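Below is one structure, written out as structure tokens; comments come after it.
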Amino acid sequence: MPRRPLAVLAASLVVTVTGALLTPAAAPAAPGEQDARAEGVRYVAMGDSYSAASGVLPLAVPSPPQCLRSSRNYPHVIARRIGARLTDVTCGGAETGDYAEGQYPGVAPQLDALGRRTRLVTMTIGGNDGGVFIGAILKCGVAGLGTLGRGSPCRDQYGASFERTVRRETAPALVRALRAVHREAPNARVAILGYPWIVPERGGCFDKMPIARGDVPYLRSLQRTLNDAVQTAARRTGSRYVAMNRASHGHDACKPVGVRWIEPVLQGTNPVVVHPNALGERRMAERTITVLGLD
């Protein structure tokens with residue numbers, strides 16, 4: 001079965017992604033590029049749907065429609081802000097393995113975009129590896145619906161299995177991917193972002209996110225483990241880690257419109273749920289610019 005972005009799978013619990021995703025961007029650019037100034041720094045954006053901003057309209061054109069790449073994703077925000085020459089190869093559903101192999105027919109391996117003239121690389125990656133984050137959200141959502149939000153059915157059934165997969169499989173895969181990026185772009189500053197919080201520390205919002213009350217801290221712990229793996233991989237490879245834990249606290253999917261950075265499964269505003277909205281993408285861009293000293 002073809003791989004799909006995390007939130008597309010999560011949305012299958014209660015919603016159907018519509019054809020509205022095919023709305024084109026207002027101003028076409030060269031393939032994969034935006035704000036291409038001859039004097040601008042060569043910037044390559046890599047990663048998964050959190051980098052691509054899957055669900056934030058309009059889509060960047062031309063770009064592979066299956067990647068659900070938005071013209072308002074954080075790489076485009078960064079490129080406009082600093083006047084960089086952006087090559088955007090982000091793609092919804094990407095795993096670290098898609099850096100070296102084509103994710104879809106006609107979609108080149110993401111590493112192909114890099115070169116000795118590349119000076120800046122950003123990415124969000126790892127959340128799809130091993131199906132662990134996809135599996136956790138799907139399974140916890142189904143379990144939560146089964147108990148009408150009571151108890152901790154997901155934790156009771158799956159225990160430490162998700163976090164164990166992150167530590168044993170995702171963590172080394174992140175190190176391999178980042179080393180490959182440095183090898184292909186030896187003169188670039190390489191940054192990897194953590195994932196902004198999806199659920200609050202406790203309580204939750206069963207009307208918006210079908211996660212049982214007792215499983216909210218369980219999923220929060222899993223996301224912390226994933227972000228810890230990203231941070232460790234950055235440190236081991238000489239990459240910069242852009243932490244999102246503190247910055248995104250209080251902006252999870254349970255918060256109201258205008259506060260939340262992540263869209264919930266129900267009562268959201270984006271056709272792809274459990275993903276950053278336009279506000280979240282802007283804040284991820286601002287955090288990256290600050291950490292890297294790009295302003």
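In the structure tokens, chains take letters A, B, ... by order of appearance, with residues numbered from 1 within each chain and ligands from 1 in the order shown.
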
Enumerate the residues of segment 70-155 of chain A with a DSSP assignment of strand (DSSP E or B), computed from the backbone, and present them as a ChimeraX atom specification.
/A:70,85-88,120-124

Please tabulate, as a Markdown table, the residues of segment 126-229 of chain A that come within 10 Å of segment 89-93 of chain A, each with its closest pair of atoms and the distance in Å to one decimal, counting only C-alpha atoms and ordering rows by chain, then residue number upward.
```
| residue | atom | partner | partner_atom | distance |
| --- | --- | --- | --- | --- |
| A:Gly127 | CA | A:Gly93 | CA | 8.9 |
| A:Asn128 | CA | A:Gly93 | CA | 6.5 |
| A:Asp129 | CA | A:Gly93 | CA | 9.3 |
| A:Ile134 | CA | A:Gly93 | CA | 9.8 |
```

Residues from the last selection, all heavy atoms, saved as a PDB file, in the first residue's frame:
```pdb
ATOM      1  N   GLY A 127       9.429  11.137  11.835  1.00  0.00           N
ATOM      2  CA  GLY A 127       8.123  10.795  12.368  1.00  0.00           C
ATOM      3  C   GLY A 127       7.413   9.676  11.642  1.00  0.00           C
ATOM      4  O   GLY A 127       6.524   9.026  12.207  1.00  0.00           O
ATOM      5  N   ASN A 128       7.787   9.431  10.382  1.00  0.00           N
ATOM      6  CA  ASN A 128       7.155   8.359   9.618  1.00  0.00           C
ATOM      7  C   ASN A 128       7.958   7.055   9.645  1.00  0.00           C
ATOM      8  O   ASN A 128       7.450   6.025   9.201  1.00  0.00           O
ATOM      9  CB  ASN A 128       6.975   8.788   8.156  1.00  0.00           C
ATOM     10  CG  ASN A 128       5.987   9.932   8.008  1.00  0.00           C
ATOM     11  OD1 ASN A 128       4.921   9.921   8.581  1.00  0.00           O
ATOM     12  ND2 ASN A 128       6.360  10.940   7.240  1.00  0.00           N
ATOM     13  N   ASP A 129       9.181   7.101  10.126  1.00  0.00           N
ATOM     14  CA  ASP A 129      10.036   5.914  10.083  1.00  0.00           C
ATOM     15  C   ASP A 129       9.455   4.767  10.909  1.00  0.00           C
ATOM     16  O   ASP A 129       9.012   4.959  12.040  1.00  0.00           O
ATOM     17  CB  ASP A 129      11.440   6.257  10.597  1.00  0.00           C
ATOM     18  CG  ASP A 129      12.299   6.886   9.529  1.00  0.00           C
ATOM     19  OD1 ASP A 129      11.819   7.810   8.857  1.00  0.00           O
ATOM     20  OD2 ASP A 129      13.439   6.439   9.355  1.00  0.00           O
ATOM     21  N   ILE A 134       2.821   7.067  12.985  1.00  0.00           N
ATOM     22  CA  ILE A 134       1.572   6.786  12.283  1.00  0.00           C
ATOM     23  C   ILE A 134       0.780   5.756  13.074  1.00  0.00           C
ATOM     24  O   ILE A 134      -0.401   5.931  13.359  1.00  0.00           O
ATOM     25  CB  ILE A 134       1.854   6.253  10.866  1.00  0.00           C
ATOM     26  CG1 ILE A 134       2.463   7.340   9.999  1.00  0.00           C
ATOM     27  CG2 ILE A 134       0.574   5.721  10.227  1.00  0.00           C
ATOM     28  CD1 ILE A 134       2.938   6.830   8.656  1.00  0.00           C
TER      29      ILE A 134
END
```

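Using only C-alpha atoms, the smallest distance between any of A:Leu193, A:Ala94, A:Ala79, A:Val61 and Ser49 of chain A comes from A:Ala94.
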
Excluding segment 176-186 of chain A and any residue of its chain fewer than 2 positions from it, enumerate the residues within 12 Å of it, using only C-alpha atoms, and give them as JSON, numbers by chain.
{"A": [42, 43, 44, 45, 46, 47, 95, 96, 97, 98, 99, 100, 101, 109, 110, 111, 112, 113, 114, 115, 116, 117, 118, 119, 120, 121, 122, 123, 124, 125, 126, 129, 169, 170, 171, 172, 173, 174, 188, 189, 190, 191, 192, 230, 231, 232, 233, 234, 235, 236, 237, 238, 239, 240, 241]}

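Those residues that approach Asp156 of chain A to within 12 Å, counting only C-alpha atoms, are A:Lys139, A:Cys140, A:Ala143, A:Gly144, A:Ala212, A:Gly214, A:Asp215, A:Tyr218; same-chain residues fewer than 6 positions away are not listed.
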
How would you write, as a PyMOL selection string, the set of residues in segment 183-218 of chain A that DSSP gives as helix (DSSP H, G or I)?
chain A and resi 183-184+213-218

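You will find atom CA of Thr288 of chain A at 28.4 Å from atom CA of Gly135 of chain A.
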
Could you pull the residues within 9 Å of His275 of chain A, counting only C-alpha atoms, minus those fewer than 4 positions along the same chain, as a count of residues only?
16

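The gap separating atom CA of Thr290 of chain A from atom CA of Asn245 of chain A is 15.1 Å, in Å to one decimal.
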